[in-house]
Every structure is written in structure tokens, then in C-alpha cells.
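Visitor: Following this line is target.cif, made up of mmCIF, C-alpha atoms:
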```
data_upload
loop_
_atom_site.group_PDB
_atom_site.id
_atom_site.type_symbol
_atom_site.label_atom_id
_atom_site.label_comp_id
_atom_site.auth_asym_id
_atom_site.auth_seq_id
_atom_site.Cartn_x
_atom_site.Cartn_y
_atom_site.Cartn_z
ATOM 1 C CA MET O 1 106.967 -66.944 63.716
ATOM 2 C CA LYS O 2 104.711 -66.276 60.719
ATOM 3 C CA LEU O 3 106.465 -62.953 60.097
ATOM 4 C CA LYS O 4 109.837 -64.699 59.991
ATOM 5 C CA LYS O 5 108.557 -67.169 57.384
ATOM 6 C CA ALA O 6 107.063 -64.353 55.328
ATOM 7 C CA VAL O 7 110.365 -62.440 55.358
ATOM 8 C CA TRP O 8 112.259 -65.539 54.204
ATOM 9 C CA PHE O 9 109.809 -65.844 51.344
ATOM 10 C CA ILE O 10 109.536 -62.154 50.331
ATOM 11 C CA VAL O 11 113.213 -61.121 50.439
ATOM 12 C CA PRO O 12 114.470 -63.680 47.857
ATOM 13 C CA LEU O 13 111.444 -62.940 45.699
ATOM 14 C CA PHE O 14 112.339 -59.224 45.808
ATOM 15 C CA PHE O 15 115.895 -59.874 44.603
ATOM 16 C CA ILE O 16 114.727 -62.204 41.843
ATOM 17 C CA ALA O 17 112.207 -59.624 40.612
ATOM 18 C CA CYS O 18 114.711 -56.750 40.626
ATOM 19 C CA GLU O 19 116.403 -56.714 37.272
ATOM 20 C CA SER O 20 119.563 -54.617 37.028
ATOM 21 C CA ASP O 21 119.720 -51.454 34.914
ATOM 22 C CA ARG O 22 122.358 -53.104 32.755
ATOM 23 C CA GLU O 23 120.040 -56.019 31.985
ATOM 24 C CA LYS O 24 117.114 -53.690 31.241
ATOM 25 C CA PHE O 25 119.281 -51.576 28.937
ATOM 26 C CA ALA O 26 120.611 -54.670 27.140
ATOM 27 C CA GLN O 27 117.060 -55.939 26.612
ATOM 28 C CA ALA O 28 116.032 -52.595 25.089
ATOM 29 C CA GLU O 29 119.135 -52.627 22.840
ATOM 30 C CA ARG O 30 118.195 -56.102 21.580
ATOM 31 C CA GLU O 31 114.689 -54.835 20.873
ATOM 32 C CA CYS O 32 116.086 -51.843 18.922
ATOM 33 C CA SER O 33 118.442 -54.008 16.874
ATOM 34 C CA GLN O 34 115.475 -56.069 15.662
ATOM 35 C CA LYS O 35 113.432 -53.074 14.460
ATOM 36 C CA ASN O 36 113.295 -52.570 10.705
ATOM 37 C CA SER O 37 110.280 -50.265 10.302
ATOM 38 C CA ILE O 38 108.082 -47.638 11.900
ATOM 39 C CA ASP O 39 104.296 -48.016 11.978
ATOM 40 C CA LYS O 40 103.452 -44.332 11.757
ATOM 41 C CA LEU O 41 105.114 -40.961 11.351
ATOM 42 C CA GLU O 42 103.783 -37.774 12.914
ATOM 43 C CA LEU O 43 103.743 -34.494 10.959
ATOM 44 C CA ASP O 44 103.175 -31.101 12.617
ATOM 45 C CA PHE O 45 102.170 -27.993 10.678
ATOM 46 C CA PHE O 46 102.714 -24.546 12.209
ATOM 47 C CA GLY O 47 101.403 -21.246 10.857
ATOM 48 C CA TYR O 48 99.238 -22.570 8.013
ATOM 49 C CA SER O 49 95.552 -21.737 7.942
ATOM 50 C CA SER O 50 93.152 -24.357 6.611
ATOM 51 C CA LYS O 51 92.950 -22.444 3.335
ATOM 52 C CA GLU O 52 96.734 -22.149 2.918
ATOM 53 C CA ALA O 53 97.425 -25.848 3.451
ATOM 54 C CA ASN O 54 94.556 -28.293 3.369
ATOM 55 C CA SER O 55 96.298 -31.373 1.942
ATOM 56 C CA VAL O 56 99.611 -33.206 2.067
ATOM 57 C CA SER O 57 101.260 -35.153 -0.754
ATOM 58 C CA ILE O 58 103.237 -38.234 0.300
ATOM 59 C CA LYS O 59 105.497 -40.539 -1.692
ATOM 60 C CA ILE O 60 107.302 -43.515 -0.156
ATOM 61 C CA GLN O 61 110.323 -44.728 -2.097
ATOM 62 C CA ARG O 62 111.702 -48.210 -1.413
ATOM 63 C CA SER O 63 114.747 -49.603 -3.242
ATOM 64 C CA GLY O 64 114.504 -46.893 -5.888
ATOM 65 C CA LYS O 65 110.808 -47.515 -6.628
ATOM 66 C CA ILE O 66 107.777 -45.518 -5.476
ATOM 67 C CA VAL O 67 105.634 -47.939 -3.430
ATOM 68 C CA GLU O 68 103.119 -45.362 -2.134
ATOM 69 C CA ASP O 69 102.033 -42.143 -3.828
ATOM 70 C CA TYR O 70 98.969 -40.424 -2.438
ATOM 71 C CA MET O 71 97.448 -37.157 -1.307
ATOM 72 C CA ASP O 72 95.482 -36.782 1.924
ATOM 73 C CA THR O 73 93.558 -34.044 3.696
ATOM 74 C CA ILE O 74 95.162 -32.361 6.712
ATOM 75 C CA PRO O 75 92.681 -32.220 9.627
ATOM 76 C CA LYS O 76 91.122 -28.770 9.977
ATOM 77 C CA LYS O 77 91.151 -28.908 13.784
ATOM 78 C CA PHE O 78 93.983 -26.951 15.425
ATOM 79 C CA SER O 79 95.737 -28.452 18.440
ATOM 80 C CA ASP O 80 97.186 -24.990 19.228
ATOM 81 C CA SER O 81 95.135 -22.117 17.825
ATOM 82 C CA ILE O 82 97.691 -19.402 18.694
ATOM 83 C CA ARG O 83 100.445 -20.959 16.582
ATOM 84 C CA LEU O 84 97.998 -22.498 14.095
ATOM 85 C CA ARG O 85 99.309 -25.988 14.857
ATOM 86 C CA ARG O 86 97.731 -29.005 13.200
ATOM 87 C CA ASN O 87 98.794 -32.638 13.276
ATOM 88 C CA TYR O 88 98.742 -35.385 10.679
ATOM 89 C CA THR O 89 99.855 -39.005 10.989
ATOM 90 C CA ILE O 90 101.203 -41.123 8.140
ATOM 91 C CA LYS O 91 99.726 -44.497 9.088
ATOM 92 C CA LYS O 92 101.764 -46.602 6.705
ATOM 93 C CA ASN O 93 104.467 -49.132 7.472
ATOM 94 C CA ILE O 94 107.705 -47.288 6.667
ATOM 95 C CA LEU O 95 110.938 -49.279 6.487
ATOM 96 C CA LEU O 96 113.989 -47.710 8.120
ATOM 97 C CA THR O 97 115.633 -47.713 4.674
ATOM 98 C CA ASP O 98 112.708 -45.990 2.907
ATOM 99 C CA THR O 99 112.745 -42.407 1.663
ATOM 100 C CA LEU O 100 109.681 -40.188 2.069
ATOM 101 C CA MET O 101 108.908 -37.149 -0.034
ATOM 102 C CA VAL O 102 106.367 -34.927 1.710
ATOM 103 C CA LYS O 103 104.908 -31.733 0.241
ATOM 104 C CA ILE O 104 102.342 -29.219 1.443
ATOM 105 C CA ALA O 105 101.053 -25.981 -0.052
ATOM 106 C CA ASP O 106 103.705 -24.022 -1.951
ATOM 107 C CA GLU O 107 106.591 -25.312 0.202
ATOM 108 C CA ALA O 108 109.477 -27.280 -1.228
ATOM 109 C CA THR O 109 109.219 -31.064 -0.990
ATOM 110 C CA LYS O 110 110.893 -32.436 2.136
ATOM 111 C CA LYS O 111 113.011 -35.541 1.635
ATOM 112 C CA ILE O 112 112.991 -37.669 4.789
ATOM 113 C CA TYR O 113 115.110 -40.799 5.252
ATOM 114 C CA GLY O 114 117.601 -42.463 7.605
ATOM 115 C CA PHE O 115 115.039 -43.383 10.266
ATOM 116 C CA GLY O 116 116.474 -44.631 13.544
ATOM 117 C CA TYR O 117 115.616 -45.976 16.970
ATOM 118 C CA ALA O 118 117.435 -45.386 20.256
ATOM 119 C CA VAL O 119 117.229 -46.708 23.791
ATOM 120 C CA GLN O 120 115.517 -44.146 26.026
ATOM 121 C CA PRO O 121 115.047 -44.198 29.813
ATOM 122 C CA HIS O 122 111.507 -44.385 31.212
ATOM 123 C CA PHE O 123 111.047 -43.175 34.763
ATOM 124 C CA SER O 124 108.230 -43.717 37.209
ATOM 125 C CA MET O 125 107.875 -42.977 40.916
ATOM 126 C CA MET O 126 109.435 -46.272 41.950
ATOM 127 C CA ASP O 127 111.275 -47.594 38.943
ATOM 128 C CA ARG O 128 113.566 -46.821 36.043
ATOM 129 C CA ASN O 129 113.190 -48.800 32.867
ATOM 130 C CA TYR O 130 114.402 -48.552 29.272
ATOM 131 C CA GLY O 131 112.550 -48.765 25.993
ATOM 132 C CA CYS O 132 113.275 -48.686 22.300
ATOM 133 C CA GLU O 133 111.879 -45.442 20.849
ATOM 134 C CA PHE O 134 111.744 -43.987 17.337
ATOM 135 C CA SER O 135 114.122 -41.062 17.777
ATOM 136 C CA SER O 136 115.730 -39.671 14.632
ATOM 137 C CA PHE O 137 115.638 -39.162 10.885
ATOM 138 C CA VAL O 138 117.420 -37.167 8.218
ATOM 139 C CA GLU O 139 115.485 -34.269 6.694
ATOM 140 C CA ASP O 140 116.962 -32.791 3.520
ATOM 141 C CA GLY O 141 120.477 -33.799 4.623
ATOM 142 C CA LYS O 142 120.128 -32.556 8.216
ATOM 143 C CA ILE O 143 120.015 -35.057 11.102
ATOM 144 C CA MET O 144 116.930 -34.472 13.260
ATOM 145 C CA LYS O 145 116.954 -35.960 16.772
ATOM 146 C CA GLU O 146 113.181 -36.070 17.137
ATOM 147 C CA SER O 147 110.243 -38.253 16.212
ATOM 148 C CA THR O 148 108.039 -35.684 14.443
ATOM 149 C CA VAL O 149 108.507 -33.956 11.081
ATOM 150 C CA VAL O 150 107.748 -30.230 11.449
ATOM 151 C CA PHE O 151 106.535 -27.853 8.718
ATOM 152 C CA THR O 152 106.677 -24.165 9.649
ATOM 153 C CA LYS O 153 105.258 -21.504 7.360
ATOM 154 C CA ARG O 154 107.886 -19.151 5.986
ATOM 155 C CA LYS O 155 107.155 -15.519 6.669
ATOM 156 C CA SER O 156 106.439 -13.477 3.565
ATOM 157 C CA LYS O 157 108.820 -10.624 2.908
#
```
As C-alpha cells, what does this structure read like?
Guide:
Amino acid sequence: MKLKKAVWFIVPLFFIACESDREKFAQAERECSQKNSIDKLELDFFGYSSKEANSVSIKIQRSGKIVEDYMDTIPKKFSDSIRLRRNYTIKKNILLTDTLMVKIADEATKKIYGFGYAVQPHFSMMDRNYGCEFSSFVEDGKIMKESTVVFTKRKSK
């Protein structure tokens, strides 16, 4: 008798708790439509020794005016010593409409703009969910479908 009561209680609770994929996707779309900035931007540097590139110059342009203009040290620690990979994070609030100018070493300045979010699926063992993820930007006129700006050392001829 107790099992019957428990089933009558648990089954409706299960159906109430199970949100459809369509509802989850719609919720993530609403979240994305409300985003107007990114909190941080990851930069990856490949092939540069600490002596070749030890600092990064960053300018953030908003509505035609430079709102941030600074130089920072790139961490010396490699996250991949074979490819000489180092990481740096711009920890500034960047509006989706801002333009970034990023320069390292003797490379040309990269112009980065057109930041965008997209709904991405998140999977676990028992569930599928959706979230709003930073997913794209324009780098020197080329659309990049990623969340990290990559600098790769040009090979000398």
C-alpha cells in the first residue's frame, strides 16, 4: 500500500521536473538575447619564446573612442612546452559592439570585433541541457567560430 502511494507521488513529480528540450533551448535563447558583453577574452600564443614575446598591447575601442589602452606581461609559464603555448586572459568587460586591437612582438595588430553568443548543447550521463556560450568573433575581417584568439608565430624564411 505504501509503495502505491509513493508511486502516485513520484510519477507526477517526475513529469513536472522534466522540462522539454524545446523549453530548455528557448530559455537559453532568451539568455543569449540579453547578453551585451563578455567578461573576459582568452588569448593563446603558439611558438613564441618568452624572449620573443613577453608582453601584449591591448586597446579597446567603444563608439569610436579608445576606452582602454594598456600593455601587460604575458605569463612565462608554458601550458604546452612542445608547441611553446602560453595563455593570457583579458579580464575587462568587453561589449559585443567593441573593437579590440591586440599586438604582440613584431606581429601585425589584430583587429577583433563582432563578438557573438550561441546556444550550445551540454550533455551529461543522464541529461541534455542547453547554455548560452561565447562562440564567435571577427578577426581582421574573417569570422572565427571559436572563443579564443590565437597568435601563431610566423616561420622565418
Visitor: Which one of O:Arg83, O:Lys76, O:Lys40, O:Lys65 sits closest to O:Asp98 if you count all atoms listed in the file?
Guide: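 That would be O:Lys65, the residue with the smallest distance to O:Asp98.
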Visitor: Calculated over only C-alpha atoms, which of the candidates O:Lys103, O:Ala26, O:Lys51, O:Ile82 has the smallest distance to O:Tyr70?
Guide: O:Lys103
Visitor: Set up a box along x, y and z of the file covering all listed atoms of stretch 53-62 of chain O, add 4 Å on every one of the six sides, and write the centre and edge lengths in Å to one decimal, as AutoDock Vina command-line options.
Guide:
```
--center_x 103.1 --center_y -37.0 --center_z 0.7 --size_x 25.1 --size_y 30.4 --size_z 13.5
```
Visitor: Atom CA of O:Ser33 and atom CA of O:Lys59, how far apart in Å?
Guide: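 Rounded to one decimal, the two atoms are 26.3 Å apart.
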Visitor: Just checking: using all atoms listed in the file, which residue out of O:Leu95, O:Ile104, O:Ile58, O:Ile112 ends up closest to O:Thr148?
Guide: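 Between O:Leu95, O:Ile104, O:Ile58, O:Ile112, the residue approaching O:Thr148 most closely is O:Ile112.
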